[in-house]
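S.K.: Below is the file model-v4.pdb, which contains PDB, C-alpha atoms, pLDDT in the B column.
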MODEL        1
ATOM      1  CA  MET L   6       0.000   0.000   0.000  1.00 86.00           C
ATOM      2  CA  GLY L   7       2.949   2.308   0.606  1.00 86.00           C
ATOM      3  CA  GLN L   8       4.101   1.857  -2.978  1.00 91.00           C
ATOM      4  CA  VAL L   9       0.594   2.539  -4.310  1.00 90.00           C
ATOM      5  CA  LYS L  10       0.441   5.697  -2.207  1.00 89.00           C
ATOM      6  CA  ASP L  11       3.821   6.855  -3.528  1.00 91.00           C
ATOM      7  CA  VAL L  12       2.769   6.251  -7.141  1.00 91.00           C
ATOM      8  CA  ALA L  13      -0.554   8.012  -6.589  1.00 91.00           C
ATOM      9  CA  GLU L  14       1.272  10.957  -5.033  1.00 91.00           C
ATOM     10  CA  ALA L  15       3.528  11.215  -8.087  1.00 92.00           C
ATOM     11  CA  GLY L  16       0.467  11.039 -10.356  1.00 90.00           C
ATOM     12  CA  ALA L  17      -1.289  13.761  -8.392  1.00 90.00           C
ATOM     13  CA  GLU L  18       1.775  16.001  -8.592  1.00 91.00           C
ATOM     14  CA  LEU L  19       2.051  15.351 -12.331  1.00 90.00           C
ATOM     15  CA  GLY L  20      -1.650  16.152 -12.743  1.00 89.00           C
ATOM     16  CA  LYS L  21      -1.216  19.413 -10.842  1.00 89.00           C
ATOM     17  CA  ARG L  22       1.686  20.497 -13.028  1.00 91.00           C
ATOM     18  CA  MET L  23      -0.007  19.388 -16.260  1.00 91.00           C
ATOM     19  CA  ALA L  24      -3.146  21.334 -15.312  1.00 90.00           C
ATOM     20  CA  GLN L  25      -1.071  24.434 -14.480  1.00 90.00           C
ATOM     21  CA  VAL L  26       0.401  24.542 -17.982  1.00 91.00           C
ATOM     22  CA  GLY L  27      -2.939  23.716 -19.612  1.00 89.00           C
ATOM     23  CA  ASN L  28      -2.259  20.156 -20.812  1.00 90.00           C
ATOM     24  CA  TRP L  29      -4.850  18.504 -18.555  1.00 87.00           C
ATOM     25  CA  SER L  30      -8.407  19.421 -17.765  1.00 90.00           C
ATOM     26  CA  LYS L  31      -9.558  20.107 -14.236  1.00 88.00           C
ATOM     27  CA  LEU L  32     -11.572  16.859 -14.391  1.00 91.00           C
ATOM     28  CA  THR L  33      -8.473  14.763 -15.148  1.00 89.00           C
ATOM     29  CA  GLN L  34      -6.551  16.522 -12.394  1.00 88.00           C
ATOM     30  CA  ALA L  35      -9.435  15.932  -9.964  1.00 90.00           C
ATOM     31  CA  ARG L  36      -9.426  12.212 -10.835  1.00 91.00           C
ATOM     32  CA  GLU L  37      -5.722  11.985 -10.022  1.00 89.00           C
ATOM     33  CA  GLN L  38      -6.245  13.857  -6.767  1.00 91.00           C
ATOM     34  CA  GLY L  39      -9.137  11.540  -5.886  1.00 92.00           C
ATOM     35  CA  PHE L  40      -7.020   8.462  -6.594  1.00 92.00           C
ATOM     36  CA  TYR L  41      -4.273   9.878  -4.399  1.00 92.00           C
ATOM     37  CA  ALA L  42      -6.688  10.593  -1.545  1.00 93.00           C
ATOM     38  CA  ASP L  43      -8.085   7.070  -1.800  1.00 94.00           C
ATOM     39  CA  ALA L  44      -4.570   5.566  -1.776  1.00 93.00           C
ATOM     40  CA  VAL L  45      -3.633   7.587   1.325  1.00 93.00           C
ATOM     41  CA  ALA L  46      -6.784   6.392   3.110  1.00 94.00           C
ATOM     42  CA  GLN L  47      -6.169   2.751   2.153  1.00 94.00           C
ATOM     43  CA  ALA L  48      -2.533   2.954   3.296  1.00 93.00           C
ATOM     44  CA  ALA L  49      -3.682   4.348   6.656  1.00 95.00           C
ATOM     45  CA  ARG L  50      -6.249   1.536   7.005  1.00 95.00           C
ATOM     46  CA  ALA L  51      -3.563  -1.046   6.172  1.00 94.00           C
ATOM     47  CA  ARG L  52      -1.200   0.401   8.812  1.00 94.00           C
ATOM     48  CA  GLN L  53      -4.005   0.428  11.380  1.00 97.00           C
ATOM     49  CA  ALA L  54      -4.959  -3.185  10.548  1.00 96.00           C
ATOM     50  CA  ALA L  55      -1.313  -4.277  10.858  1.00 93.00           C
ATOM     51  CA  THR L  56      -0.961  -2.540  14.220  1.00 94.00           C
ATOM     52  CA  SER L  57      -4.224  -4.003  15.483  1.00 96.00           C
ATOM     53  CA  SER L  58      -3.247  -7.513  14.353  1.00 94.00           C
ATOM     54  CA  ARG L  59       0.159  -7.235  16.026  1.00 93.00           C
ATOM     55  CA  GLU L  60      -1.456  -6.057  19.280  1.00 94.00           C
ATOM     56  CA  GLN L  61      -3.916  -8.950  19.178  1.00 95.00           C
ATOM     57  CA  LEU L  62      -1.077 -11.435  18.559  1.00 93.00           C
ATOM     58  CA  THR L  63       0.880  -9.903  21.442  1.00 93.00           C
ATOM     59  CA  ARG L  64      -2.099 -10.305  23.787  1.00 92.00           C
ATOM     60  CA  LEU L  65      -2.685 -13.899  22.665  1.00 92.00           C
ATOM     61  CA  MET L  66       0.966 -14.763  23.315  1.00 91.00           C
ATOM     62  CA  GLY L  67       0.809 -13.036  26.717  1.00 91.00           C
ATOM     63  CA  LEU L  68       3.830 -10.807  26.067  1.00 91.00           C
ATOM     64  CA  TRP L  69       4.635  -7.592  27.901  1.00 88.00           C
ATOM     65  CA  GLY L  70       7.563  -5.315  28.744  1.00 88.00           C
ATOM     66  CA  LYS L  71      10.755  -6.009  26.815  1.00 89.00           C
ATOM     67  CA  GLN L  72       9.080  -8.961  25.107  1.00 89.00           C
ATOM     68  CA  LEU L  73       7.032  -6.546  22.973  1.00 89.00           C
ATOM     69  CA  ASP L  74      10.028  -5.966  20.691  1.00 89.00           C
ATOM     70  CA  TYR L  75       9.659  -9.290  18.870  1.00 90.00           C
ATOM     71  CA  LYS L  76      10.290  -9.571  15.122  1.00 91.00           C
ATOM     72  CA  LEU L  77       8.190 -11.751  12.862  1.00 86.00           C
ATOM     73  CA  PRO L  78       9.971 -13.593  10.031  1.00 90.00           C
ATOM     74  CA  GLU L  79       9.207 -12.649   6.441  1.00 91.00           C
ATOM     75  CA  ARG L  80       7.985 -16.186   5.765  1.00 94.00           C
ATOM     76  CA  LEU L  81       7.454 -19.445   7.597  1.00 91.00           C
ATOM     77  CA  PRO L  82      10.042 -22.227   7.212  1.00 92.00           C
ATOM     78  CA  ASP L  83       9.408 -24.907   4.607  1.00 92.00           C
ATOM     79  CA  LEU L  84       7.520 -28.005   5.668  1.00 91.00           C
ATOM     80  CA  PRO L  85       9.593 -31.162   6.202  1.00 88.00           C
ATOM     81  CA  LYS L  86       9.769 -33.592   3.291  1.00 90.00           C
ATOM     82  CA  MET L  87       8.368 -36.471   5.377  1.00 88.00           C
ATOM     83  CA  ALA L  88       5.949 -36.344   8.294  1.00 84.00           C
ATOM     84  CA  THR L  89       7.374 -37.515  11.606  1.00 83.00           C
ATOM     85  CA  ASP L  90       5.780 -40.733  12.853  1.00 83.00           C
ATOM     86  CA  LEU L  91       4.600 -40.175  16.428  1.00 83.00           C
ATOM     87  CA  PRO L  92       2.284 -43.027  17.455  1.00 85.00           C
ATOM     88  CA  ASP L  93       1.505 -41.669  20.948  1.00 87.00           C
ATOM     89  CA  ILE L  94       1.144 -38.005  19.980  1.00 86.00           C
ATOM     90  CA  GLU L  95      -2.373 -37.649  21.417  1.00 87.00           C
ATOM     91  CA  SER L  96      -1.433 -38.907  24.875  1.00 86.00           C
ATOM     92  CA  LEU L  97       1.693 -36.732  24.846  1.00 85.00           C
ATOM     93  CA  ALA L  98      -0.374 -33.684  23.891  1.00 85.00           C
ATOM     94  CA  MET L  99      -2.878 -34.364  26.665  1.00 84.00           C
ATOM     95  CA  GLN L 100      -0.055 -34.720  29.220  1.00 84.00           C
ATOM     96  CA  GLN L 101       1.511 -31.414  28.169  1.00 86.00           C
ATOM     97  CA  ARG L 102      -1.636 -29.263  28.045  1.00 89.00           C
ATOM     98  CA  LEU L 103      -1.170 -26.451  30.516  1.00 88.00           C
ATOM     99  CA  ASP L 104      -4.865 -26.074  31.284  1.00 89.00           C
ATOM    100  CA  LEU L 105      -5.145 -29.753  32.242  1.00 87.00           C
ATOM    101  CA  GLN L 106      -1.980 -29.541  34.341  1.00 88.00           C
ATOM    102  CA  ALA L 107      -3.403 -26.550  36.208  1.00 90.00           C
ATOM    103  CA  ILE L 108      -6.702 -28.364  36.847  1.00 91.00           C
ATOM    104  CA  ARG L 109      -4.818 -31.468  38.017  1.00 88.00           C
ATOM    105  CA  LEU L 110      -2.754 -29.412  40.480  1.00 90.00           C
ATOM    106  CA  GLU L 111      -5.836 -27.579  41.701  1.00 92.00           C
ATOM    107  CA  THR L 112      -7.673 -30.864  42.238  1.00 89.00           C
ATOM    108  CA  GLU L 113      -4.711 -32.378  44.091  1.00 87.00           C
ATOM    109  CA  GLY L 114      -4.499 -29.285  46.311  1.00 88.00           C
ATOM    110  CA  LEU L 115      -8.211 -29.423  47.062  1.00 88.00           C
ATOM    111  CA  ALA L 116      -8.003 -33.142  47.899  1.00 85.00           C
ATOM    112  CA  SER L 117      -5.058 -32.467  50.193  1.00 84.00           C
ATOM    113  CA  ASN L 118      -6.896 -29.631  51.965  1.00 85.00           C
ATOM    114  CA  LEU L 119      -9.978 -31.800  52.488  1.00 84.00           C
ATOM    115  CA  GLY L 120      -7.877 -34.692  53.746  1.00 80.00           C
ATOM    116  CA  LEU L 121      -8.950 -37.020  50.949  1.00 76.00           C
ATOM    117  CA  THR L 122      -6.747 -39.989  50.142  1.00 67.00           C
ATOM    118  CA  LYS L 123      -6.573 -42.367  47.246  1.00 63.00           C
ATOM    119  CA  ALA L 124      -8.647 -45.461  47.792  1.00 51.00           C
TER     120      ALA L 124
ENDMDL
END
Go ahead and render the structure in this file as structure tokens.

M.R.:
Amino acid sequence: MGQVKDVAEAGAELGKRMAQVGNWSKLTQAREQGFYADAVAQAARARQAATSSREQLTRLMGLWGKQLDYKLPERLPDLPKMATDLPDIESLAMQQRLDLQAIRLETEGLASNLGLTKA
């Protein structure tokens, strides 16, 4: 969008100069000015959308302080040629889920506080 804005700005400046010397009509100059105004508005919307998306990603990752200075790569790495064979991937994923670990610890703490034992 920045490149489109720059090109539209050059076109608007050309239109202004061409109209000053009488080579373009006011209508043609107005069209160039309108295109430039639209490009500026779209570039501003694109910057705002990028900022909003980055803020949302930051919140989802739970970052704050010095962590906010992260850099995103230009592109993701290529996929591996062959998929890794992990037969027990589901049980491993369930063991490593943080929400389930927190619930397990909370339940164990509650059982300990109530004096419950394993039967």

S.K.: Counting all atoms listed in the file, figure out which residue out of L:Ala98, L:Thr63, L:Gln106, L:Thr89 gets nearest to Leu77 in chain L.

M.R.: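 Between L:Ala98, L:Thr63, L:Gln106, L:Thr89, the residue approaching Leu77 in chain L most closely is L:Thr63.
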
S.K.: Quick check, in Å to one decimal: how far apart do CA of Leu73 in chain L and CA of Arg52 in chain L lie?

M.R.: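 Answer for the CA of Leu73 in chain L to CA of Arg52 in chain L separation: 17.8 Å.
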
S.K.: Please write the residues picked by the PyMOL selection byres ((chain L and resi 10) around 8) on this file as a CSV table (one decimal) with C-alpha atoms, keeping the file's coordinate frame.

M.R.:
chain,number,residue,atom,x,y,z
L,6,MET,CA,0.0,0.0,0.0
L,7,GLY,CA,2.9,2.3,0.6
L,8,GLN,CA,4.1,1.9,-3.0
L,9,VAL,CA,0.6,2.5,-4.3
L,11,ASP,CA,3.8,6.9,-3.5
L,12,VAL,CA,2.8,6.3,-7.1
L,13,ALA,CA,-0.6,8.0,-6.6
L,14,GLU,CA,1.3,11.0,-5.0
L,41,TYR,CA,-4.3,9.9,-4.4
L,44,ALA,CA,-4.6,5.6,-1.8
L,45,VAL,CA,-3.6,7.6,1.3
L,48,ALA,CA,-2.5,3.0,3.3

S.K.: Give the padded box for range 36-44 of chain L as lines of an AutoDock Vina configuration file: axis-aligned, covering all atoms listed in the file, 6 Å on each side, centre and edge lengths in Å to one decimal.

M.R.:
center_x = -6.8
center_y = 9.7
center_z = -6.2
size_x = 17.2
size_y = 20.3
size_z = 21.3

S.K.: For the atom pair CA of Ala46 in chain L and CA of Tyr75 in chain L, what is the interatomic distance in Å to one decimal place?

M.R.: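 Value for the CA of Ala46 in chain L-CA of Tyr75 in chain L distance: 27.7 Å.
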
S.K.: Which is closer to Gln34 in chain L than all the others in L:Leu68, L:Ala17, L:Leu119, L:Ala49, using only C-alpha atoms?

M.R.: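 Ranking L:Leu68, L:Ala17, L:Leu119, L:Ala49 by distance to Gln34 in chain L, first place goes to L:Ala17.
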
S.K.: Please indicate the distance in Å from CA of Glu60 in chain L to CA of Asp43 in chain L, rounded to one decimal place.

M.R.: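 Between CA of Glu60 in chain L and CA of Asp43 in chain L the gap works out to 25.7 Å.
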
S.K.: For Glu37 in chain L, which residue out of L:Leu19, L:Ala51, L:Leu65, L:Ala88 is the nearest one, using only C-alpha atoms?

M.R.: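 That would be L:Leu19, the residue with the smallest distance to Glu37 in chain L.
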
S.K.: With the file shown as input, list the residues that the PyMOL selection byres ((chain L and resi 21) around 12) selects, as an NGL selection string.

M.R.: :L and (14-20 or 22-38 or 41)
